[in-house]
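Participant: Attaching a single structure in structure tokens format; questions to follow.
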Amino acid sequence: VTEHPWREFNRTNVYMSDLESALHFSLRVELASHATINKGALTALKRYVSVLAKYFPGRPVVRNLLQTANAWLNGLQDSELQYNSFLEVLNNATEDAVLPHGERWVGCQGSQPHFRKYPCSMWTLFHALTVAANSASDSRPQEVLQAMRIYVKKFFGCHECASHFEGMAQESMNQVKTQSEAVLWLWSRHNRVNNRLAGDLSEDPNFPKIQWPPPELCPKCHGIDNGEHSWQEPEVLSFLMDYYSYSKILDNYLQ
Ligand code: FAD
């Protein structure tokens with residue numbers, strides 16, 4: 001295997017190439033180990049593709065393919081799906097609809113091949129989806145969170161991650177009442193994961209696990225309350241709404 005050259009990138013931006021690589025990896029690699037998908041797994045897949053079709057903040061051609069895949073899943077008569085038939089739909093590229101092939105990590109590159117990549121891109125995708133849903137008028141507050149929760153539970157290849165995430169979901173996901181709360185719920189749980197993993201073997205030394213966003217990225221997000229650090233949540237929310245918005249996502253290195 002030839003290692004690709006390092007792709008220069010700005011650490012303070014989100015890259016579309018990571019989001020498209022997340023779609024490729026989850027839909028063509030992670031799902032592919034399930035030859036037959038039925039029952040709860042089929043529901044999980046349908047709900048995941050449904051939120052992707054509604055909110056993926058991507059190129060129109062990619063959004064079109066996701067909408068085609070969603071319509072196809074919704075039209076299924078059987079209670080069971082052969083993964084290969086779904087793959088055909090994903091691979092049926094037209095001039096107007098395509099799901100790009102392959103992994104091209106940019107903001108999710110790691111300093112060693114086993115660091116970052118897909119798990120990094122799934123966090124990025126999930127944040128971007130909660131932000132996009134918060135900008136839409138017709139979304140239900142827990143729609144995106146619950147869809148990612150069951151996707152992770154049924155399909156995410158890291159089982160330890162899935163059980164930790166499910167634990168956090170059981171604790172408090174049901175209390176989310178608005179779209180803005182959904183954005184902040186995911187942000188704060190991601191920080192809990194960062195806190196737990198800081199110093200772990202899985203941590204890329206060039207990308208230390210920090211409580212995010214750091215003051216350099218968002219000075220207003222940080223405050224002091226009774227001598228202790230306190231997050232300024234309204235500032236965090238507006239920061240996230242900007243950082244993960246479609247108009248801020250960079251197109252470098254797209255195929
Ligand atoms: P990541 O944590 O993947 O973050 C990606 C990018 O998101 C960062 O570079 C930063 O730009 C941004 N970001 C960071 N924090 C926040 C935040 N709070 N809010 C918004 N944006 C932020 N690994 C384990 O070893 N054990 C686990 O239990 C585990 N659970 C996981 C659960 C889920 C649902 C997912 C998707 C991944 C999980 N992982 C777990 C993987 C782990 O969290 C990291 O994704 C992986 O170690 C790569 O880390 P990273 O440095 O790329 O940063």
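As shown in the structure tokens, the chain order sets the letters A, B, ...; within each chain, residues go from 1, and ligands are also counted from 1 in the order they appear.
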Write out as a list in words each polymer residue whose atoms come within 10 Å of region 160-172 of chain A, counting only C-alpha atoms; drop sequence neighbours fewer than 3 positions from it.

Facilitator: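 Answer for this query is Pro119, Leu145, Gln146, Arg149, Ile150, Tyr151, Val152, Lys153, Lys154, Phe155, Phe156, Gly157, Gln175, Val176, Trp185, Leu186, Arg189, His190, Arg192 and Val193 of chain A.
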
Participant: List the neighbours of region 12-21 of chain A out to 10 Å using only C-alpha atoms; skip same-chain residues closer than 3 positions along the sequence, and give me the result as a PDB file with C-alpha atoms, in the first residue's frame.

Facilitator:
ATOM      1  CA  PHE A   9      -5.160  21.730   5.846  1.00  0.00           C
ATOM      2  CA  HIS A  24     -18.510   6.283   1.661  1.00  0.00           C
ATOM      3  CA  PHE A  25     -17.070   4.417   4.625  1.00  0.00           C
ATOM      4  CA  SER A  26     -20.297   4.021   6.558  1.00  0.00           C
ATOM      5  CA  LEU A  27     -22.525   3.142   3.596  1.00  0.00           C
ATOM      6  CA  PHE A  56     -26.495  16.347   4.755  1.00  0.00           C
ATOM      7  CA  PRO A  57     -24.852  19.741   4.162  1.00  0.00           C
ATOM      8  CA  GLY A  58     -23.242  18.681   0.914  1.00  0.00           C
ATOM      9  CA  ARG A  59     -22.881  19.137  -2.794  1.00  0.00           C
ATOM     10  CA  VAL A  62     -24.371  14.034  -3.350  1.00  0.00           C
ATOM     11  CA  LEU A  99     -21.761   9.098  -3.953  1.00  0.00           C
ATOM     12  CA  PRO A 100     -18.002   9.561  -4.446  1.00  0.00           C
ATOM     13  CA  HIS A 101     -15.879   6.475  -3.890  1.00  0.00           C
ATOM     14  CA  GLY A 102     -12.965   6.136  -1.527  1.00  0.00           C
ATOM     15  CA  GLU A 103     -11.514   7.732   1.564  1.00  0.00           C
ATOM     16  CA  ARG A 104      -9.752  11.083   1.333  1.00  0.00           C
ATOM     17  CA  TRP A 105      -9.124  12.319   4.808  1.00  0.00           C
ATOM     18  CA  VAL A 106      -8.171  15.969   5.163  1.00  0.00           C
ATOM     19  CA  GLY A 107      -9.136  17.525   8.518  1.00  0.00           C
ATOM     20  CA  CYS A 108      -9.410  13.950   9.822  1.00  0.00           C
ATOM     21  CA  GLN A 109      -5.926  12.831   8.736  1.00  0.00           C
ATOM     22  CA  LYS A 117      -9.979   9.058  10.008  1.00  0.00           C
ATOM     23  CA  TYR A 118     -13.446   7.447  10.093  1.00  0.00           C
ATOM     24  CA  CYS A 120     -13.244  11.620  13.467  1.00  0.00           C
ATOM     25  CA  SER A 121     -15.380  12.021  10.358  1.00  0.00           C
ATOM     26  CA  MET A 122     -18.442  10.510  12.057  1.00  0.00           C
ATOM     27  CA  TRP A 123     -18.270  13.075  14.854  1.00  0.00           C
ATOM     28  CA  THR A 124     -17.867  15.772  12.207  1.00  0.00           C
ATOM     29  CA  LEU A 125     -20.843  14.426  10.260  1.00  0.00           C
ATOM     30  CA  PHE A 126     -23.027  14.171  13.368  1.00  0.00           C
ATOM     31  CA  ALA A 128     -22.922  19.030  10.940  1.00  0.00           C
ATOM     32  CA  PRO A 213     -13.609  24.692  21.254  1.00  0.00           C
ATOM     33  CA  GLU A 216      -8.111  30.408  20.524  1.00  0.00           C
ATOM     34  CA  LEU A 217     -11.056  29.238  18.415  1.00  0.00           C
ATOM     35  CA  TYR A 243     -18.365  26.353  12.394  1.00  0.00           C
ATOM     36  CA  TYR A 244     -20.417  23.410  11.087  1.00  0.00           C
ATOM     37  CA  SER A 245     -22.563  25.368   8.627  1.00  0.00           C
ATOM     38  CA  TYR A 246     -22.618  24.425   4.953  1.00  0.00           C
ATOM     39  CA  LYS A 248     -18.113  27.332   5.995  1.00  0.00           C
ATOM     40  CA  ILE A 249     -17.224  23.808   4.838  1.00  0.00           C
ATOM     41  CA  LEU A 250     -14.183  23.785   2.557  1.00  0.00           C
ATOM     42  CA  ASP A 251     -14.061  22.019  -0.809  1.00  0.00           C
ATOM     43  CA  ASN A 252     -10.303  21.380  -1.052  1.00  0.00           C
ATOM     44  CA  TYR A 253      -9.192  17.945  -2.308  1.00  0.00           C
ATOM     45  CA  LEU A 254     -12.665  16.849  -3.437  1.00  0.00           C
ATOM     46  CA  GLN A 255     -12.591  14.289  -6.228  1.00  0.00           C
TER      47      GLN A 255
END

Participant: Just checking: using only C-alpha atoms and all ligand atoms, which residue out of A:Tyr83, A:Trp231, A:Phe115, A:Phe239 ends up closest to ligand 1?

Facilitator: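 Looking at the shortest contact to ligand 1, the residue is A:Phe115.
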
Participant: Using only C-alpha atoms, determine which residues lie at most 8 Å from Val183 (chain A), disregarding the query and same-chain residues fewer than 5 positions distant; provide the list as a list of chain:residue names.

Facilitator: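 Those residues are A:His127, A:Thr130, A:Val131, A:Asn134, A:Leu237, A:Leu240.
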
Participant: Could you please take those selected residues and save C-alpha atoms as a PDB file, in the first residue's frame?

Facilitator:
ATOM      1  CA  HIS A 127     -22.264  17.736  14.452  1.00  0.00           C
ATOM      2  CA  THR A 130     -27.478  18.596  14.167  1.00  0.00           C
ATOM      3  CA  VAL A 131     -26.477  22.075  13.000  1.00  0.00           C
ATOM      4  CA  ASN A 134     -31.333  23.390  13.691  1.00  0.00           C
ATOM      5  CA  LEU A 237     -24.219  27.422  20.254  1.00  0.00           C
ATOM      6  CA  LEU A 240     -21.142  25.651  16.479  1.00  0.00           C
TER       7      LEU A 240
END

Participant: Which residue out of A:Lys209, A:Lys46, A:Arg28, A:Arg11 has the minimum interatomic distance to Trp72 (chain A) when only C-alpha atoms are used?

Facilitator: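 With only C-alpha atoms as the atom set, the closest residue is A:Lys46.
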
Participant: One decimal, Å: what's the distance from atom 7 (O, counted along the ligand's line) of ligand 1 over to CA of Lys220 (chain A), could you say?

Facilitator: 18.8 Å

Participant: Considering only C-alpha atoms and all ligand atoms, state which residue in the set A:Ser137, A:Asn38, A:Gln211, A:Ser238 is at the smallest distance from ligand 1.

Facilitator: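 Nearest candidate to ligand 1 out of A:Ser137, A:Asn38, A:Gln211, A:Ser238: A:Gln211.
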
Participant: Give the answer as one residue: which of A:His4, A:Arg47, A:Lys54, A:Arg196 has the shortest atom-to-atom distance to ligand 1, using only C-alpha atoms and all ligand atoms?

Facilitator: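 Closest candidate: A:Arg196.
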